[in-house]
file target-v8.pdb (PDB, C-alpha atoms)
ATOM      1  CA  THR A 214     -30.078 -63.409  -4.722
ATOM      2  CA  GLN A 215     -31.875 -66.394  -6.160
ATOM      3  CA  LEU A 216     -32.227 -69.143  -3.570
ATOM      4  CA  LEU A 217     -33.190 -72.771  -3.700
ATOM      5  CA  GLU A 218     -34.357 -74.108  -0.345
ATOM      6  CA  GLN A 219     -34.087 -77.849   0.050
ATOM      7  CA  SER A 220     -35.589 -79.813   2.940
ATOM      8  CA  PRO A 221     -34.962 -81.745   5.010
ATOM      9  CA  GLN A 222     -31.207 -81.288   5.243
ATOM     10  CA  PHE A 223     -30.698 -84.709   6.869
ATOM     11  CA  LEU A 224     -32.836 -87.820   6.779
ATOM     12  CA  SER A 225     -32.111 -91.161   8.448
ATOM     13  CA  ILE A 226     -34.631 -93.928   7.859
ATOM     14  CA  GLN A 227     -34.993 -97.705   7.947
ATOM     15  CA  GLU A 228     -34.987 -99.859   4.840
ATOM     16  CA  GLY A 229     -38.469-100.154   3.381
ATOM     17  CA  GLU A 230     -39.718 -96.721   4.498
ATOM     18  CA  ASN A 231     -40.919 -94.029   2.104
ATOM     19  CA  LEU A 232     -39.580 -90.475   2.043
ATOM     20  CA  THR A 233     -40.017 -87.159   0.274
ATOM     21  CA  VAL A 234     -37.455 -84.412  -0.323
ATOM     22  CA  TYR A 235     -38.566 -80.892  -1.218
ATOM     23  CA  CYS A 236     -36.996 -78.114  -3.275
ATOM     24  CA  ASN A 237     -38.551 -74.632  -3.165
ATOM     25  CA  SER A 238     -37.915 -71.177  -4.568
ATOM     26  CA  SER A 239     -39.795 -67.886  -4.725
ATOM     27  CA  SER A 240     -38.824 -67.573  -8.400
ATOM     28  CA  VAL A 241     -40.010 -69.498 -11.453
ATOM     29  CA  PHE A 242     -37.659 -72.094 -12.932
ATOM     30  CA  SER A 243     -37.155 -72.664 -16.626
ATOM     31  CA  SER A 244     -36.079 -76.208 -15.778
ATOM     32  CA  LEU A 245     -35.063 -78.185 -12.727
ATOM     33  CA  GLN A 246     -32.682 -81.081 -12.300
ATOM     34  CA  TRP A 247     -32.124 -83.617  -9.532
ATOM     35  CA  TYR A 248     -28.675 -85.084  -8.871
ATOM     36  CA  ARG A 249     -27.352 -87.807  -6.575
ATOM     37  CA  GLN A 250     -23.841 -87.682  -5.158
ATOM     38  CA  GLU A 251     -21.884 -90.454  -3.463
ATOM     39  CA  PRO A 252     -18.862 -89.794  -1.194
ATOM     40  CA  GLY A 253     -15.701 -88.906  -3.102
ATOM     41  CA  GLU A 254     -17.501 -88.488  -6.409
ATOM     42  CA  GLY A 255     -19.183 -85.756  -8.390
ATOM     43  CA  PRO A 256     -22.991 -85.496  -8.643
ATOM     44  CA  VAL A 257     -24.757 -87.573 -11.284
ATOM     45  CA  LEU A 258     -27.977 -86.501 -12.977
ATOM     46  CA  LEU A 259     -31.166 -88.402 -12.073
ATOM     47  CA  VAL A 260     -33.796 -86.419 -13.953
ATOM     48  CA  THR A 261     -34.678 -83.103 -15.604
ATOM     49  CA  VAL A 262     -38.189 -81.609 -15.419
ATOM     50  CA  VAL A 263     -39.267 -78.693 -17.584
ATOM     51  CA  THR A 264     -43.103 -78.555 -17.679
ATOM     52  CA  GLY A 265     -45.286 -77.348 -14.796
ATOM     53  CA  GLY A 266     -47.095 -80.296 -13.209
ATOM     54  CA  GLU A 267     -44.756 -82.810 -14.820
ATOM     55  CA  VAL A 268     -44.237 -86.151 -13.068
ATOM     56  CA  LYS A 269     -41.359 -88.460 -13.942
ATOM     57  CA  LYS A 270     -40.651 -91.899 -12.540
ATOM     58  CA  LEU A 271     -37.304 -93.650 -12.305
ATOM     59  CA  LYS A 272     -37.914 -97.111 -10.756
ATOM     60  CA  ARG A 273     -38.778 -96.357  -7.097
ATOM     61  CA  LEU A 274     -38.093 -92.611  -7.470
ATOM     62  CA  THR A 275     -40.878 -90.191  -8.428
ATOM     63  CA  PHE A 276     -40.097 -86.590  -9.344
ATOM     64  CA  GLN A 277     -42.720 -83.865  -9.516
ATOM     65  CA  PHE A 278     -42.476 -80.306 -10.815
ATOM     66  CA  GLY A 279     -44.933 -77.848  -9.288
ATOM     67  CA  ASP A 280     -47.663 -76.361 -11.481
ATOM     68  CA  ALA A 281     -46.159 -72.887 -11.069
ATOM     69  CA  ARG A 282     -42.628 -74.194 -11.713
ATOM     70  CA  LYS A 283     -41.401 -72.798  -8.368
ATOM     71  CA  ASP A 284     -40.996 -76.075  -6.505
ATOM     72  CA  SER A 285     -40.220 -79.749  -6.951
ATOM     73  CA  SER A 286     -40.246 -82.937  -4.927
ATOM     74  CA  LEU A 287     -38.487 -86.284  -4.972
ATOM     75  CA  HIS A 288     -40.335 -89.255  -3.469
ATOM     76  CA  ILE A 289     -38.615 -92.575  -2.838
ATOM     77  CA  THR A 290     -40.750 -95.645  -2.234
ATOM     78  CA  ALA A 291     -39.452 -98.550  -0.136
ATOM     79  CA  ALA A 292     -35.990 -97.038   0.362
ATOM     80  CA  GLN A 293     -32.984 -99.332   0.186
ATOM     81  CA  PRO A 294     -29.450 -98.937   1.620
ATOM     82  CA  GLY A 295     -28.240 -98.360  -1.939
ATOM     83  CA  ASP A 296     -30.282 -95.134  -2.006
ATOM     84  CA  THR A 297     -27.963 -93.624   0.614
ATOM     85  CA  GLY A 298     -26.296 -90.461  -0.641
ATOM     86  CA  LEU A 299     -26.601 -86.704  -1.072
ATOM     87  CA  TYR A 300     -29.556 -85.578  -3.193
ATOM     88  CA  LEU A 301     -29.291 -82.159  -4.825
ATOM     89  CA  CYS A 302     -31.821 -80.139  -6.733
ATOM     90  CA  ALA A 303     -30.615 -77.538  -9.230
ATOM     91  CA  GLY A 304     -32.670 -74.925 -11.039
ATOM     92  CA  ALA A 305     -32.158 -72.752 -14.087
ATOM     93  CA  TYR A 306     -34.054 -69.450 -14.039
ATOM     94  CA  ASN A 307     -33.904 -68.943 -17.784
ATOM     95  CA  GLN A 308     -33.433 -71.210 -20.761
ATOM     96  CA  GLY A 309     -29.814 -72.230 -21.156
ATOM     97  CA  GLY A 310     -28.957 -70.383 -17.931
ATOM     98  CA  LYS A 311     -26.516 -71.401 -15.248
ATOM     99  CA  LEU A 312     -27.687 -73.883 -12.634
ATOM    100  CA  ILE A 313     -28.113 -72.865  -8.999
ATOM    101  CA  PHE A 314     -28.031 -75.720  -6.475
ATOM    102  CA  GLY A 315     -29.939 -76.283  -3.264
ATOM    103  CA  GLN A 316     -28.121 -77.153  -0.031
ATOM    104  CA  GLY A 317     -28.690 -80.872  -0.519
ATOM    105  CA  THR A 318     -30.412 -83.622   1.479
ATOM    106  CA  GLU A 319     -28.151 -86.190   3.124
ATOM    107  CA  LEU A 320     -30.074 -89.484   3.078
ATOM    108  CA  SER A 321     -29.045 -92.507   5.133
ATOM    109  CA  VAL A 322     -31.009 -95.749   4.749
ATOM    110  CA  LYS A 323     -30.222 -98.314   7.416
ATOM    111  CA  PRO A 324     -30.680-102.051   6.788
TER     112      PRO A 324
ATOM    113  CA  ASN B 207     -14.403 -92.274 -22.013
ATOM    114  CA  ALA B 208     -12.562 -89.702 -19.889
ATOM    115  CA  GLY B 209     -15.419 -87.170 -19.507
ATOM    116  CA  VAL B 210     -14.365 -84.360 -17.157
ATOM    117  CA  THR B 211     -10.901 -84.652 -15.639
ATOM    118  CA  GLN B 212      -9.713 -82.537 -12.703
ATOM    119  CA  THR B 213      -6.229 -82.275 -11.247
ATOM    120  CA  PRO B 214      -4.968 -82.367  -8.589
ATOM    121  CA  LYS B 215      -7.308 -84.498  -6.464
ATOM    122  CA  PHE B 216      -5.804 -83.261  -3.199
ATOM    123  CA  ARG B 217      -3.681 -80.247  -2.305
ATOM    124  CA  ILE B 218      -2.578 -78.454   0.849
ATOM    125  CA  LEU B 219      -1.658 -74.800   0.514
ATOM    126  CA  LYS B 220      -0.228 -72.251   2.904
ATOM    127  CA  ILE B 221      -1.984 -68.917   3.352
ATOM    128  CA  GLY B 222      -0.963 -66.530   0.571
ATOM    129  CA  GLN B 223       0.195 -69.189  -1.878
ATOM    130  CA  SER B 224      -1.216 -69.417  -5.380
ATOM    131  CA  MET B 225      -2.288 -72.404  -7.406
ATOM    132  CA  THR B 226      -4.304 -73.486 -10.423
ATOM    133  CA  LEU B 227      -6.884 -76.252 -10.496
ATOM    134  CA  GLN B 228      -6.950 -77.842 -13.922
ATOM    135  CA  CYS B 229     -10.089 -79.037 -15.686
ATOM    136  CA  THR B 230     -10.421 -80.574 -19.108
ATOM    137  CA  GLN B 231     -13.344 -82.234 -20.906
ATOM    138  CA  ASP B 232     -13.375 -84.343 -24.050
ATOM    139  CA  MET B 233     -17.108 -84.186 -24.856
ATOM    140  CA  ASN B 234     -16.958 -80.976 -26.936
ATOM    141  CA  HIS B 235     -19.316 -79.273 -24.483
ATOM    142  CA  ASN B 236     -19.765 -75.532 -24.866
ATOM    143  CA  TYR B 237     -20.587 -74.766 -21.218
ATOM    144  CA  MET B 238     -18.141 -75.276 -18.357
ATOM    145  CA  TYR B 239     -18.496 -74.478 -14.652
ATOM    146  CA  TRP B 240     -16.563 -74.331 -11.405
ATOM    147  CA  TYR B 241     -18.417 -75.051  -8.150
ATOM    148  CA  ARG B 242     -17.251 -75.304  -4.573
ATOM    149  CA  GLN B 243     -18.891 -77.612  -2.081
ATOM    150  CA  ASP B 244     -18.855 -77.027   1.654
ATOM    151  CA  PRO B 245     -20.653 -79.230   4.224
ATOM    152  CA  GLY B 246     -24.390 -78.455   4.387
ATOM    153  CA  MET B 247     -24.092 -75.768   1.690
ATOM    154  CA  GLY B 248     -24.691 -77.692  -1.504
ATOM    155  CA  LEU B 249     -22.753 -76.456  -4.534
ATOM    156  CA  LYS B 250     -21.956 -72.787  -5.006
ATOM    157  CA  LEU B 251     -21.134 -71.533  -8.501
ATOM    158  CA  ILE B 252     -17.793 -69.705  -8.697
ATOM    159  CA  TYR B 253     -17.409 -68.990 -12.429
ATOM    160  CA  TYR B 254     -18.827 -70.354 -15.634
ATOM    161  CA  SER B 255     -18.164 -70.150 -19.354
ATOM    162  CA  VAL B 256     -20.547 -70.492 -22.289
ATOM    163  CA  GLY B 257     -17.766 -70.948 -24.819
ATOM    164  CA  ALA B 258     -14.096 -70.339 -25.579
ATOM    165  CA  GLY B 259     -13.108 -66.774 -24.752
ATOM    166  CA  ILE B 260     -16.245 -66.084 -22.668
ATOM    167  CA  THR B 261     -16.389 -66.276 -18.869
ATOM    168  CA  ASP B 262     -18.739 -64.869 -16.266
ATOM    169  CA  LYS B 263     -19.016 -64.655 -12.494
ATOM    170  CA  GLY B 264     -21.199 -66.984 -10.473
ATOM    171  CA  GLU B 265     -22.404 -66.648  -6.890
ATOM    172  CA  VAL B 266     -19.007 -66.650  -5.109
ATOM    173  CA  PRO B 267     -16.270 -65.382  -7.492
ATOM    174  CA  ASN B 268     -14.131 -63.385  -5.045
ATOM    175  CA  GLY B 269     -10.584 -64.716  -4.689
ATOM    176  CA  TYR B 270     -10.726 -66.720  -7.926
ATOM    177  CA  ASN B 271      -9.995 -66.212 -11.607
ATOM    178  CA  VAL B 272     -10.668 -68.310 -14.695
ATOM    179  CA  SER B 273      -9.839 -68.381 -18.377
ATOM    180  CA  ARG B 274     -11.251 -70.327 -21.322
ATOM    181  CA  SER B 275      -8.806 -70.251 -24.205
ATOM    182  CA  THR B 276     -10.017 -73.572 -25.663
ATOM    183  CA  THR B 277     -13.276 -75.516 -25.650
ATOM    184  CA  GLU B 278     -11.646 -78.329 -23.666
ATOM    185  CA  ASP B 279      -9.911 -76.501 -20.810
ATOM    186  CA  PHE B 280     -11.228 -74.316 -17.998
ATOM    187  CA  PRO B 281      -8.585 -73.737 -15.285
ATOM    188  CA  LEU B 282      -9.433 -72.096 -11.948
ATOM    189  CA  ARG B 283      -6.780 -69.858 -10.382
ATOM    190  CA  LEU B 284      -6.455 -68.997  -6.686
ATOM    191  CA  GLU B 285      -4.097 -66.039  -6.369
ATOM    192  CA  LEU B 286      -3.723 -65.540  -2.593
ATOM    193  CA  ALA B 287      -5.048 -68.595  -0.800
ATOM    194  CA  ALA B 288      -7.075 -67.996   2.367
ATOM    195  CA  PRO B 289      -8.458 -70.490   4.922
ATOM    196  CA  SER B 290     -11.980 -69.611   3.704
ATOM    197  CA  GLN B 291     -11.075 -71.252   0.396
ATOM    198  CA  THR B 292     -10.698 -74.650   2.041
ATOM    199  CA  SER B 293     -13.298 -76.678   0.184
ATOM    200  CA  VAL B 294     -13.958 -79.362  -2.393
ATOM    201  CA  TYR B 295     -13.955 -77.930  -5.913
ATOM    202  CA  PHE B 296     -15.911 -79.464  -8.765
ATOM    203  CA  CYS B 297     -15.558 -78.728 -12.432
ATOM    204  CA  ALA B 298     -18.496 -79.555 -14.696
ATOM    205  CA  SER B 299     -19.461 -79.271 -18.335
ATOM    206  CA  SER B 300     -22.688 -79.365 -20.299
ATOM    207  CA  TYR B 301     -24.027 -78.933 -23.793
ATOM    208  CA  SER B 302     -26.718 -76.325 -24.245
ATOM    209  CA  LYS B 303     -28.320 -75.272 -27.507
ATOM    210  CA  GLY B 304     -28.925 -71.573 -27.921
ATOM    211  CA  GLY B 305     -32.384 -70.852 -26.486
ATOM    212  CA  GLY B 306     -32.783 -74.414 -25.249
ATOM    213  CA  ASN B 307     -32.998 -75.734 -21.703
ATOM    214  CA  THR B 308     -29.877 -76.113 -19.587
ATOM    215  CA  GLY B 309     -28.325 -79.461 -20.380
ATOM    216  CA  GLU B 310     -27.157 -82.207 -18.010
ATOM    217  CA  LEU B 311     -24.035 -81.326 -16.062
ATOM    218  CA  PHE B 312     -21.193 -83.823 -16.150
ATOM    219  CA  PHE B 313     -18.929 -83.471 -13.134
ATOM    220  CA  GLY B 314     -15.322 -84.314 -12.442
ATOM    221  CA  GLU B 315     -14.381 -86.240  -9.314
ATOM    222  CA  GLY B 316     -13.479 -83.128  -7.364
ATOM    223  CA  SER B 317     -10.349 -81.495  -5.968
ATOM    224  CA  ARG B 318     -10.018 -81.289  -2.191
ATOM    225  CA  LEU B 319      -8.119 -78.140  -1.209
ATOM    226  CA  THR B 320      -6.956 -77.292   2.315
ATOM    227  CA  VAL B 321      -5.467 -73.882   3.152
ATOM    228  CA  LEU B 322      -3.494 -73.737   6.405
TER     229      LEU B 322
END

call {"tool": "encode", "arguments": {"input": "target-v8.pdb", "output": "structure tokens"}}
result
Amino acid sequence: TQLLEQSPQFLSIQEGENLTVYCNSSSVFSSLQWYRQEPGEGPVLLVTVVTGGEVKKLKRLTFQFGDARKDSSLHITAAQPGDTGLYLCAGAYNQGGKLIFGQGTELSVKP
Amino acid sequence: NAGVTQTPKFRILKIGQSMTLQCTQDMNHNYMYWYRQDPGMGLKLIYYSVGAGITDKGEVPNGYNVSRSTTEDFPLRLELAAPSQTSVYFCASSYSKGGGNTGELFFGEGSRLTVL
């Protein structure tokens, strides 16, 4: 069974703090995606990473793909209440393959 | 733009009843998926399809069936509902080129199913 371990599962922080969410597997990914989900809605794509060592930035969010393509991280700088939501990583183990999701990180940013 | 549309949004079933969750997409995507989401468990893949007439099992297929007779539609069938199937179900679609990386998934709004 191919597993994606995401940590932490829950995170509650104050506005302005920084945080990092991790996504790990023992297998190599062909590509990895990060999604954000708000209550009552489906997940929405934030970013896709495909190259080992790749770093992508989306405003205050920084995504990194591990050199060996087995892990990824999401770093949020100066978190805001609008960042509150469920963050999900999803990996494909071969090109064009189905996506397997991690358990998700429930982020709460308090004003 | 409609995107991915799921119906119904909410449903309560009795144990042993059957039902079909409908999913349709208007983006001409070749790939379609059904996931279930339980608290603290992320999204688990039930079934997926890479094109009309082709379906395959995901991580948790037991108790479910699917069909893909057209590019647009991918219904999920529950034959004998059990309490363990209480969950939120998401349909998604994506476009993937042969040999290319898995494309972005576009999700519906979800269908909340309770089996009592």

call {"tool": "residues_around", "arguments": {"input": "target-v8.pdb", "residues": "Tyr237 in chain B", "least_positions_apart": "4", "cutoff": "8 Å", "atoms": "all atoms listed in the file", "output": "ChimeraX atom specification"}}
result
/B:254-257,299-302

call {"tool": "write_last_selection", "arguments": {"input": "target-v8.pdb", "atoms": "C-alpha atoms", "output": "JSON list (two decimals), keeping the file's coordinate frame"}}
result
[["chain", "number", "residue", "atom", "x", "y", "z"],
["B", 254, "TYR", "CA", -18.83, -70.35, -15.63],
["B", 255, "SER", "CA", -18.16, -70.15, -19.35],
["B", 256, "VAL", "CA", -20.55, -70.49, -22.29],
["B", 257, "GLY", "CA", -17.77, -70.95, -24.82],
["B", 299, "SER", "CA", -19.46, -79.27, -18.34],
["B", 300, "SER", "CA", -22.69, -79.36, -20.30],
["B", 301, "TYR", "CA", -24.03, -78.93, -23.79],
["B", 302, "SER", "CA", -26.72, -76.32, -24.24]]

call {"tool": "interface_residues", "arguments": {"input": "target-v8.pdb", "of": "chain B", "to": "chain A", "cutoff": "9 Å", "atoms": "all atoms listed in the file", "output": "PyMOL selection string"}}
result
chain B and resi 239+245-251+254+264-265+296-298+302-316

call {"tool": "atom_distance", "arguments": {"input": "target-v8.pdb", "atom1": "CA of Gln223 in chain B", "atom2": "CA of Val210 in chain B"}}
result
26.0 Å

call {"tool": "closest_residue", "arguments": {"input": "target-v8.pdb", "among": "B:Ile221, B:Cys229, B:Ala208, B:Leu319", "to": "Ala288 in chain B", "atoms": "only C-alpha atoms"}}
result
B:Ile221

call {"tool": "atom_distance", "arguments": {"input": "target-v8.pdb", "atom1": "CA of Ile289 in chain A", "atom2": "CA of Lys323 in chain A"}}
result
14.4 Å

call {"tool": "resolve_selection", "arguments": {"input": "target-v8.pdb", "expression": "the PyMOL selection byres ((chain A and resi 226) around 6)", "output": "VMD selection string"}}
result
chain A and resid 225 227 322

call {"tool": "closest_residue", "arguments": {"input": "target-v8.pdb", "among": "A:Ser285, A:Gln250, A:Leu320, A:Glu230", "to": "Leu217 in chain A", "atoms": "all atoms listed in the file"}}
result
A:Ser285

call {"tool": "resolve_selection", "arguments": {"input": "target-v8.pdb", "expression": "the PyMOL selection byres ((chain B and resi 285) around 6)", "output": "compact mmCIF listing (two decimals) with C-alpha atoms, in the frame of the given file"}}
result
# COMPACT_ATOMS: atom_id res chain seq x y z
CA SER B 224 -1.22 -69.42 -5.38
CA LEU B 284 -6.46 -69.00 -6.69
CA LEU B 286 -3.72 -65.54 -2.59

call {"tool": "residues_around", "arguments": {"input": "target-v8.pdb", "residues": "Ser273 in chain B", "least_positions_apart": "6", "cutoff": "8 Å", "atoms": "all atoms listed in the file", "output": "number ranges by chain"}}
result
B: 259, 261, 280-282

call {"tool": "resolve_selection", "arguments": {"input": "target-v8.pdb", "expression": "the PyMOL selection byres ((chain A and resi 286) around 7)", "output": "list in words"}}
result
Thr233, Val234, Tyr235, Cys236, Phe276, Gln277, Phe278, Ser285, Leu287 and His288 of chain A

call {"tool": "write_last_selection", "arguments": {"input": "target-v8.pdb", "atoms": "C-alpha atoms", "output": "CSV table (one decimal), keeping the file's coordinate frame"}}
result
chain,number,residue,atom,x,y,z
A,233,THR,CA,-40.0,-87.2,0.3
A,234,VAL,CA,-37.5,-84.4,-0.3
A,235,TYR,CA,-38.6,-80.9,-1.2
A,236,CYS,CA,-37.0,-78.1,-3.3
A,276,PHE,CA,-40.1,-86.6,-9.3
A,277,GLN,CA,-42.7,-83.9,-9.5
A,278,PHE,CA,-42.5,-80.3,-10.8
A,285,SER,CA,-40.2,-79.7,-7.0
A,287,LEU,CA,-38.5,-86.3,-5.0
A,288,HIS,CA,-40.3,-89.3,-3.5

call {"tool": "atom_distance", "arguments": {"input": "target-v8.pdb", "atom1": "CA of Glu267 in chain A", "atom2": "CA of Ala281 in chain A"}}
result
10.7 Å

call {"tool": "axis_aligned_box", "arguments": {"input": "target-v8.pdb", "around": "range 273-286 of chain B", "padding_each_side": "8 Å", "output": "JSON"}}
result
{"center_x": -8.5, "center_y": -71.9, "center_z": -14.1, "size_x": 25.6, "size_y": 28.8, "size_z": 39.1}

call {"tool": "residues_around", "arguments": {"input": "target-v8.pdb", "residues": "Tyr253 in chain B", "least_positions_apart": "5", "cutoff": "6 Å", "atoms": "all atoms listed in the file", "output": "PyMOL selection string"}}
result
chain B and resi 240+262-264

call {"tool": "write_last_selection", "arguments": {"input": "target-v8.pdb", "atoms": "C-alpha atoms", "output": "CSV table (one decimal), in the frame of the given file"}}
result
chain,number,residue,atom,x,y,z
B,240,TRP,CA,-16.6,-74.3,-11.4
B,262,ASP,CA,-18.7,-64.9,-16.3
B,263,LYS,CA,-19.0,-64.7,-12.5
B,264,GLY,CA,-21.2,-67.0,-10.5
